[in-house]
Amino acid sequence: MTERFTTTRRTALTAAVAASLGIPAARAQDRYPSRPVTITVPWAAGGTTDILARVVAEPLRRATGQPFVVENRSGASGNIGSNAVARARPDGYTLLFGSMSTHAMNDALFNNMPFHGVDDFTPIALLAFVLNTMVIHPGVPANTVPEFIAYAKANPGKIAYASAGPGSTNHLCAEMFARMAGIEMVHVPYRGGAPAVQDTVGGQTQLFFSAGTQTLPHVRDGRLKLLAVTEGRRSTLLPEVPTVAESLPGYEMAVWYGALGPKGMPAELVTQINGEINKALMQPEVRDRMAAIGVEVVNQTPAEFGRVLAADAAKWSRVIRELNIGMTSA
């Protein structure tokens with residue numbers, strides 16, 4: 001009886017001391033995870049981030065013996081779910097699968113943000129880059145980026161480009177392209193990417209920058225023409241397709257997804273979770289499943305991801321100001 005009481009007391013004392021030092025009890029006892037982990041996705045089910053989270057959750061469960069439960073908390077351009085994670089305990093049991101838009105753009109796009117995309121989070125792992133494409137309606141007489149620019153210059157204001165809404169990555173891609181190319185285009189915002197791509201297929205708009213998950217099926221069917229990808233280098237998924245930067249040096253929109261936690265997570269815990277996530281990402285079934293929808297998984301340390309996050313937040317804050325894109329309430 002005495003031995004049992006002493007063991008229980010020692011366990012409680014360990015947890016209390018760990019808590020007073022800001023260290024999760026699981027870490028103090030070298031047992032993480034000892035219970036289910038929540039992966040928050042700040043968008044609705046069925047999107048690319050949701051698919052990625054669910055595909056990665058299964059190898060994480062196999063490796064750790066604990067469920068990694070995906071929870072969708074959508075709304076306010078990803079701010080609702082992201083804010084919930086920012087306010088959670090930094091114990092590794094509440095993670096966020098966020099994106100460049102929530103953490104590198106929203107601070108510059110919205111007034112009264114409930115969190116700061118860099119300062120209020122712990123970067124854990126860069127997960128993947130989504131193939132981002134520049135597509136046009138087949139009726140536009142251009143097959144390359146230079147030909148499209150020449151056509152747009154000869155027809156100022158006659159090209160309408162679609163976006164998923166003001167401040168979306170589609171919007172920023174097109175505005176940055178217009179500025180760097182010296183052309184005039186008309187912005188047609190939609191409520192989401194699905195109607196935007198449909199109207200580009202239908203010819204109501206002539207240009208759309210968007211993830212390959214939305215555009216490539218229409219390219220394969222001949223209903224859209226693929227001119228380029230927006231990343232700084234050619235994609236390993238479509239190595240024959242040029243980048244926009246090959247025609248407009250300095251142009252780049254690399255859309256990434258990352259795993260983050262609340263601010264203040266212990267470094268040892270972050271390293272452990274990073275290692276498990278990176279191993280999951282390198283599983284053949286994960287890589288193949290994501291490649292099939294135009295997503296290229298990557299492998300980086302927390303420090304490397306932190307540098308990407310900080311650099312993109314600074315870049316897009318500057319670009320958004322320069323493009324004079326109006327801010328709205330979060």
# chains A, B, ... in the order shown; residues from 1 in each chain; ligands from 1
>>> select_by_dssp(residues="region 105-266 of chain A", states="strand (DSSP E or B)", output="PyMOL selection string")
chain A and resi 110-111+121-130+132-136+159-163+185-189+207-211+225-229+243+255-262
>>> residues_around(residues="Glu304 (chain A)", least_positions_apart="4", cutoff="9 Å", atoms="only C-alpha atoms", output="list in words")
Ala125, Leu126, Gln300, Val308 and Leu309 of chain A
>>> write_last_selection(atoms="C-alpha atoms", output="PDB file, in the first residue's frame")
ATOM      1  CA  ALA A 125       7.551  20.997 -40.072  1.00  0.00           C
ATOM      2  CA  LEU A 126       7.150  22.219 -43.621  1.00  0.00           C
ATOM      3  CA  GLN A 300      12.731  20.180 -43.381  1.00  0.00           C
ATOM      4  CA  VAL A 308      10.613  30.027 -44.745  1.00  0.00           C
ATOM      5  CA  LEU A 309       7.686  31.262 -42.648  1.00  0.00           C
TER       6      LEU A 309
END
>>> residues_around(residues="His171 (chain A)", least_positions_apart="6", cutoff="9 Å", atoms="only C-alpha atoms", output="ChimeraX atom specification")
/A:161-165,187,189,208-209
>>> closest_residue(among="A:Ala245, A:Gly222, A:Ala76, A:Glu184", to="Tyr151 (chain A)", atoms="only C-alpha atoms")
A:Glu184
>>> closest_atom_pairs(of="region 211-322 of chain A", to="region 85-88 of chain A", cutoff="10 Å", atoms="only C-alpha atoms", output="tab-separated table")
residue	atom	partner	partner_atom	distance
A:Leu260	CA	A:Val85	CA	8.7
A:Gly261	CA	A:Val85	CA	6.7
A:Pro262	CA	A:Ala86	CA	4.7
A:Lys263	CA	A:Ala86	CA	6.9
>>> residues_around(residues="Met100 (chain A)", least_positions_apart="6", cutoff="7 Å", atoms="only C-alpha atoms", output="JSON, numbers by chain")
{"A": [255, 256, 257]}
>>> closest_residue(among="A:Ser77, A:Asn143, A:Ser99, A:Ser210", to="Gly167 (chain A)", atoms="only C-alpha atoms")
A:Ser77
>>> residues_around(residues="region 172-183 of chain A", least_positions_apart="4", cutoff="7 Å", atoms="only C-alpha atoms", output="PDB file with all heavy atoms, in the first residue's frame")
ATOM      1  N   ILE A 149       1.539  37.849 -72.563  1.00  0.00           N
ATOM      2  CA  ILE A 149       1.838  39.236 -72.202  1.00  0.00           C
ATOM      3  C   ILE A 149       1.685  40.142 -73.417  1.00  0.00           C
ATOM      4  O   ILE A 149       1.104  41.240 -73.328  1.00  0.00           O
ATOM      5  CB  ILE A 149       3.256  39.342 -71.604  1.00  0.00           C
ATOM      6  CG1 ILE A 149       3.306  38.616 -70.255  1.00  0.00           C
ATOM      7  CG2 ILE A 149       3.675  40.802 -71.443  1.00  0.00           C
ATOM      8  CD1 ILE A 149       4.705  38.512 -69.666  1.00  0.00           C
ATOM      9  N   ALA A 152      -1.985  40.647 -74.090  1.00  0.00           N
ATOM     10  CA  ALA A 152      -2.607  41.520 -73.093  1.00  0.00           C
ATOM     11  C   ALA A 152      -2.205  42.975 -73.317  1.00  0.00           C
ATOM     12  O   ALA A 152      -3.025  43.890 -73.141  1.00  0.00           O
ATOM     13  CB  ALA A 152      -2.206  41.071 -71.693  1.00  0.00           C
ATOM     14  N   LYS A 153      -0.972  43.220 -73.702  1.00  0.00           N
ATOM     15  CA  LYS A 153      -0.530  44.584 -73.972  1.00  0.00           C
ATOM     16  C   LYS A 153      -1.234  45.167 -75.193  1.00  0.00           C
ATOM     17  O   LYS A 153      -1.526  46.371 -75.251  1.00  0.00           O
ATOM     18  CB  LYS A 153       0.986  44.623 -74.161  1.00  0.00           C
ATOM     19  CG  LYS A 153       1.762  44.473 -72.864  1.00  0.00           C
ATOM     20  CD  LYS A 153       3.266  44.612 -73.092  1.00  0.00           C
ATOM     21  CE  LYS A 153       4.018  44.580 -71.766  1.00  0.00           C
ATOM     22  NZ  LYS A 153       5.491  44.695 -71.962  1.00  0.00           N
ATOM     23  N   PRO A 156      -5.409  46.086 -73.899  1.00  0.00           N
ATOM     24  CA  PRO A 156      -5.472  46.498 -72.492  1.00  0.00           C
ATOM     25  C   PRO A 156      -6.900  46.488 -71.944  1.00  0.00           C
ATOM     26  O   PRO A 156      -7.830  46.982 -72.583  1.00  0.00           O
ATOM     27  CB  PRO A 156      -4.894  47.919 -72.523  1.00  0.00           C
ATOM     28  CG  PRO A 156      -5.036  48.377 -73.940  1.00  0.00           C
ATOM     29  CD  PRO A 156      -4.894  47.159 -74.774  1.00  0.00           C
ATOM     30  N   GLY A 167      -7.873  39.166 -51.935  1.00  0.00           N
ATOM     31  CA  GLY A 167      -6.838  38.759 -51.005  1.00  0.00           C
ATOM     32  C   GLY A 167      -6.441  37.296 -51.091  1.00  0.00           C
ATOM     33  O   GLY A 167      -5.528  36.861 -50.386  1.00  0.00           O
ATOM     34  N   SER A 168      -7.098  36.524 -51.952  1.00  0.00           N
ATOM     35  CA  SER A 168      -6.737  35.110 -52.118  1.00  0.00           C
ATOM     36  C   SER A 168      -5.400  34.999 -52.845  1.00  0.00           C
ATOM     37  O   SER A 168      -4.912  35.960 -53.451  1.00  0.00           O
ATOM     38  CB  SER A 168      -7.819  34.374 -52.912  1.00  0.00           C
ATOM     39  OG  SER A 168      -7.930  34.935 -54.217  1.00  0.00           O
ATOM     40  N   PHE A 209      -5.007  31.789 -61.941  1.00  0.00           N
ATOM     41  CA  PHE A 209      -3.866  31.194 -61.249  1.00  0.00           C
ATOM     42  C   PHE A 209      -4.427  30.337 -60.124  1.00  0.00           C
ATOM     43  O   PHE A 209      -5.128  30.851 -59.245  1.00  0.00           O
ATOM     44  CB  PHE A 209      -2.974  32.288 -60.645  1.00  0.00           C
ATOM     45  CG  PHE A 209      -2.174  33.079 -61.631  1.00  0.00           C
ATOM     46  CD1 PHE A 209      -2.702  34.213 -62.226  1.00  0.00           C
ATOM     47  CD2 PHE A 209      -0.873  32.698 -61.950  1.00  0.00           C
ATOM     48  CE1 PHE A 209      -1.961  34.966 -63.127  1.00  0.00           C
ATOM     49  CE2 PHE A 209      -0.119  33.450 -62.850  1.00  0.00           C
ATOM     50  CZ  PHE A 209      -0.660  34.572 -63.444  1.00  0.00           C
ATOM     51  N   MET A 253       5.400  32.531 -56.653  1.00  0.00           N
ATOM     52  CA  MET A 253       4.344  32.252 -55.677  1.00  0.00           C
ATOM     53  C   MET A 253       4.424  30.759 -55.372  1.00  0.00           C
ATOM     54  O   MET A 253       3.957  29.924 -56.157  1.00  0.00           O
ATOM     55  CB  MET A 253       2.963  32.616 -56.221  1.00  0.00           C
ATOM     56  CG  MET A 253       1.804  32.129 -55.366  1.00  0.00           C
ATOM     57  SD  MET A 253       1.586  32.976 -53.798  1.00  0.00           S
ATOM     58  CE  MET A 253       0.583  34.382 -54.280  1.00  0.00           C
TER      59      MET A 253
END
>>> atom_distance(atom1="CA of Arg234 (chain A)", atom2="CA of Glu276 (chain A)")
28.3 Å
>>> residues_around(residues="Asp50 (chain A)", least_positions_apart="6", cutoff="9 Å", atoms="only C-alpha atoms", output="VMD selection string")
chain A and resid 41 to 44 70 to 72 97
>>> write_last_selection(atoms="all heavy atoms", output="PDB file, in the first residue's frame")
ATOM      1  N   VAL A  41      -7.389  21.468 -38.860  1.00  0.00           N
ATOM      2  CA  VAL A  41      -7.338  21.975 -40.230  1.00  0.00           C
ATOM      3  C   VAL A  41      -8.305  23.150 -40.300  1.00  0.00           C
ATOM      4  O   VAL A  41      -9.503  22.974 -40.053  1.00  0.00           O
ATOM      5  CB  VAL A  41      -7.746  20.893 -41.253  1.00  0.00           C
ATOM      6  CG1 VAL A  41      -7.855  21.480 -42.657  1.00  0.00           C
ATOM      7  CG2 VAL A  41      -6.730  19.749 -41.237  1.00  0.00           C
ATOM      8  N   PRO A  42      -7.822  24.356 -40.607  1.00  0.00           N
ATOM      9  CA  PRO A  42      -8.698  25.538 -40.534  1.00  0.00           C
ATOM     10  C   PRO A  42      -9.561  25.763 -41.768  1.00  0.00           C
ATOM     11  O   PRO A  42      -9.946  26.892 -42.048  1.00  0.00           O
ATOM     12  CB  PRO A  42      -7.696  26.677 -40.330  1.00  0.00           C
ATOM     13  CG  PRO A  42      -6.474  26.230 -41.042  1.00  0.00           C
ATOM     14  CD  PRO A  42      -6.425  24.729 -40.857  1.00  0.00           C
ATOM     15  N   TRP A  43      -9.836  24.701 -42.492  1.00  0.00           N
ATOM     16  CA  TRP A  43     -10.730  24.768 -43.650  1.00  0.00           C
ATOM     17  C   TRP A  43     -11.662  23.561 -43.634  1.00  0.00           C
ATOM     18  O   TRP A  43     -11.460  22.610 -42.872  1.00  0.00           O
ATOM     19  CB  TRP A  43      -9.926  24.781 -44.955  1.00  0.00           C
ATOM     20  CG  TRP A  43      -9.118  26.020 -45.116  1.00  0.00           C
ATOM     21  CD1 TRP A  43      -9.551  27.262 -45.502  1.00  0.00           C
ATOM     22  CD2 TRP A  43      -7.725  26.157 -44.852  1.00  0.00           C
ATOM     23  NE1 TRP A  43      -8.511  28.153 -45.495  1.00  0.00           N
ATOM     24  CE2 TRP A  43      -7.384  27.516 -45.103  1.00  0.00           C
ATOM     25  CE3 TRP A  43      -6.728  25.285 -44.426  1.00  0.00           C
ATOM     26  CZ2 TRP A  43      -6.097  27.999 -44.940  1.00  0.00           C
ATOM     27  CZ3 TRP A  43      -5.445  25.764 -44.266  1.00  0.00           C
ATOM     28  CH2 TRP A  43      -5.142  27.112 -44.516  1.00  0.00           C
ATOM     29  N   ALA A  44     -12.643  23.583 -44.507  1.00  0.00           N
ATOM     30  CA  ALA A  44     -13.631  22.511 -44.550  1.00  0.00           C
ATOM     31  C   ALA A  44     -13.011  21.201 -45.029  1.00  0.00           C
ATOM     32  O   ALA A  44     -11.956  21.183 -45.669  1.00  0.00           O
ATOM     33  CB  ALA A  44     -14.790  22.917 -45.470  1.00  0.00           C
ATOM     34  N   VAL A  70      -8.098  14.348 -36.951  1.00  0.00           N
ATOM     35  CA  VAL A  70      -8.227  15.565 -37.746  1.00  0.00           C
ATOM     36  C   VAL A  70      -9.536  16.258 -37.406  1.00  0.00           C
ATOM     37  O   VAL A  70     -10.611  15.651 -37.462  1.00  0.00           O
ATOM     38  CB  VAL A  70      -8.164  15.256 -39.254  1.00  0.00           C
ATOM     39  CG1 VAL A  70      -8.361  16.540 -40.070  1.00  0.00           C
ATOM     40  CG2 VAL A  70      -6.832  14.609 -39.602  1.00  0.00           C
ATOM     41  N   GLU A  71      -9.438  17.539 -37.048  1.00  0.00           N
ATOM     42  CA  GLU A  71     -10.605  18.345 -36.690  1.00  0.00           C
ATOM     43  C   GLU A  71     -10.672  19.551 -37.629  1.00  0.00           C
ATOM     44  O   GLU A  71      -9.736  20.344 -37.675  1.00  0.00           O
ATOM     45  CB  GLU A  71     -10.502  18.817 -35.243  1.00  0.00           C
ATOM     46  CG  GLU A  71     -11.672  19.681 -34.796  1.00  0.00           C
ATOM     47  CD  GLU A  71     -11.511  20.170 -33.365  1.00  0.00           C
ATOM     48  OE1 GLU A  71     -10.630  21.009 -33.114  1.00  0.00           O
ATOM     49  OE2 GLU A  71     -12.268  19.691 -32.501  1.00  0.00           O
ATOM     50  N   ASN A  72     -11.763  19.668 -38.363  1.00  0.00           N
ATOM     51  CA  ASN A  72     -11.951  20.802 -39.275  1.00  0.00           C
ATOM     52  C   ASN A  72     -12.642  21.942 -38.545  1.00  0.00           C
ATOM     53  O   ASN A  72     -13.746  21.779 -38.028  1.00  0.00           O
ATOM     54  CB  ASN A  72     -12.787  20.383 -40.483  1.00  0.00           C
ATOM     55  CG  ASN A  72     -12.123  19.289 -41.294  1.00  0.00           C
ATOM     56  OD1 ASN A  72     -12.378  18.108 -41.065  1.00  0.00           O
ATOM     57  ND2 ASN A  72     -11.267  19.676 -42.210  1.00  0.00           N
ATOM     58  N   PHE A  97      -2.399  22.202 -39.100  1.00  0.00           N
ATOM     59  CA  PHE A  97      -1.900  22.086 -40.474  1.00  0.00           C
ATOM     60  C   PHE A  97      -2.370  23.338 -41.203  1.00  0.00           C
ATOM     61  O   PHE A  97      -3.513  23.415 -41.668  1.00  0.00           O
ATOM     62  CB  PHE A  97      -2.422  20.814 -41.142  1.00  0.00           C
ATOM     63  CG  PHE A  97      -1.566  19.590 -40.882  1.00  0.00           C
ATOM     64  CD1 PHE A  97      -0.802  19.500 -39.724  1.00  0.00           C
ATOM     65  CD2 PHE A  97      -1.516  18.542 -41.787  1.00  0.00           C
ATOM     66  CE1 PHE A  97      -0.015  18.376 -39.471  1.00  0.00           C
ATOM     67  CE2 PHE A  97      -0.730  17.419 -41.547  1.00  0.00           C
ATOM     68  CZ  PHE A  97       0.026  17.331 -40.388  1.00  0.00           C
TER      69      PHE A  97
END
>>> select_by_dssp(residues="region 123-155 of chain A", states="alpha helix (DSSP H)", output="ChimeraX atom specification")
/A:145-154
>>> write_last_selection(atoms="C-alpha atoms", output="PDB file, in the first residue's frame")
ATOM      1  CA  VAL A 145       3.785  33.439 -71.102  1.00  0.00           C
ATOM      2  CA  PRO A 146       5.529  35.929 -73.456  1.00  0.00           C
ATOM      3  CA  GLU A 147       2.764  35.455 -76.043  1.00  0.00           C
ATOM      4  CA  PHE A 148       0.121  36.049 -73.387  1.00  0.00           C
ATOM      5  CA  ILE A 149       1.838  39.236 -72.202  1.00  0.00           C
ATOM      6  CA  ALA A 150       2.075  40.492 -75.782  1.00  0.00           C
ATOM      7  CA  TYR A 151      -1.622  39.790 -76.343  1.00  0.00           C
ATOM      8  CA  ALA A 152      -2.607  41.520 -73.093  1.00  0.00           C
ATOM      9  CA  LYS A 153      -0.530  44.584 -73.972  1.00  0.00           C
ATOM     10  CA  ALA A 154      -2.191  44.772 -77.366  1.00  0.00           C
TER      11      ALA A 154
END
>>> residues_around(residues="Val270 (chain A)", least_positions_apart="5", cutoff="8 Å", atoms="only C-alpha atoms", output="PyMOL selection string")
chain A and resi 92+124+265+302
>>> atom_distance(atom1="CA of Ile136 (chain A)", atom2="CA of Val219 (chain A)")
9.5 Å
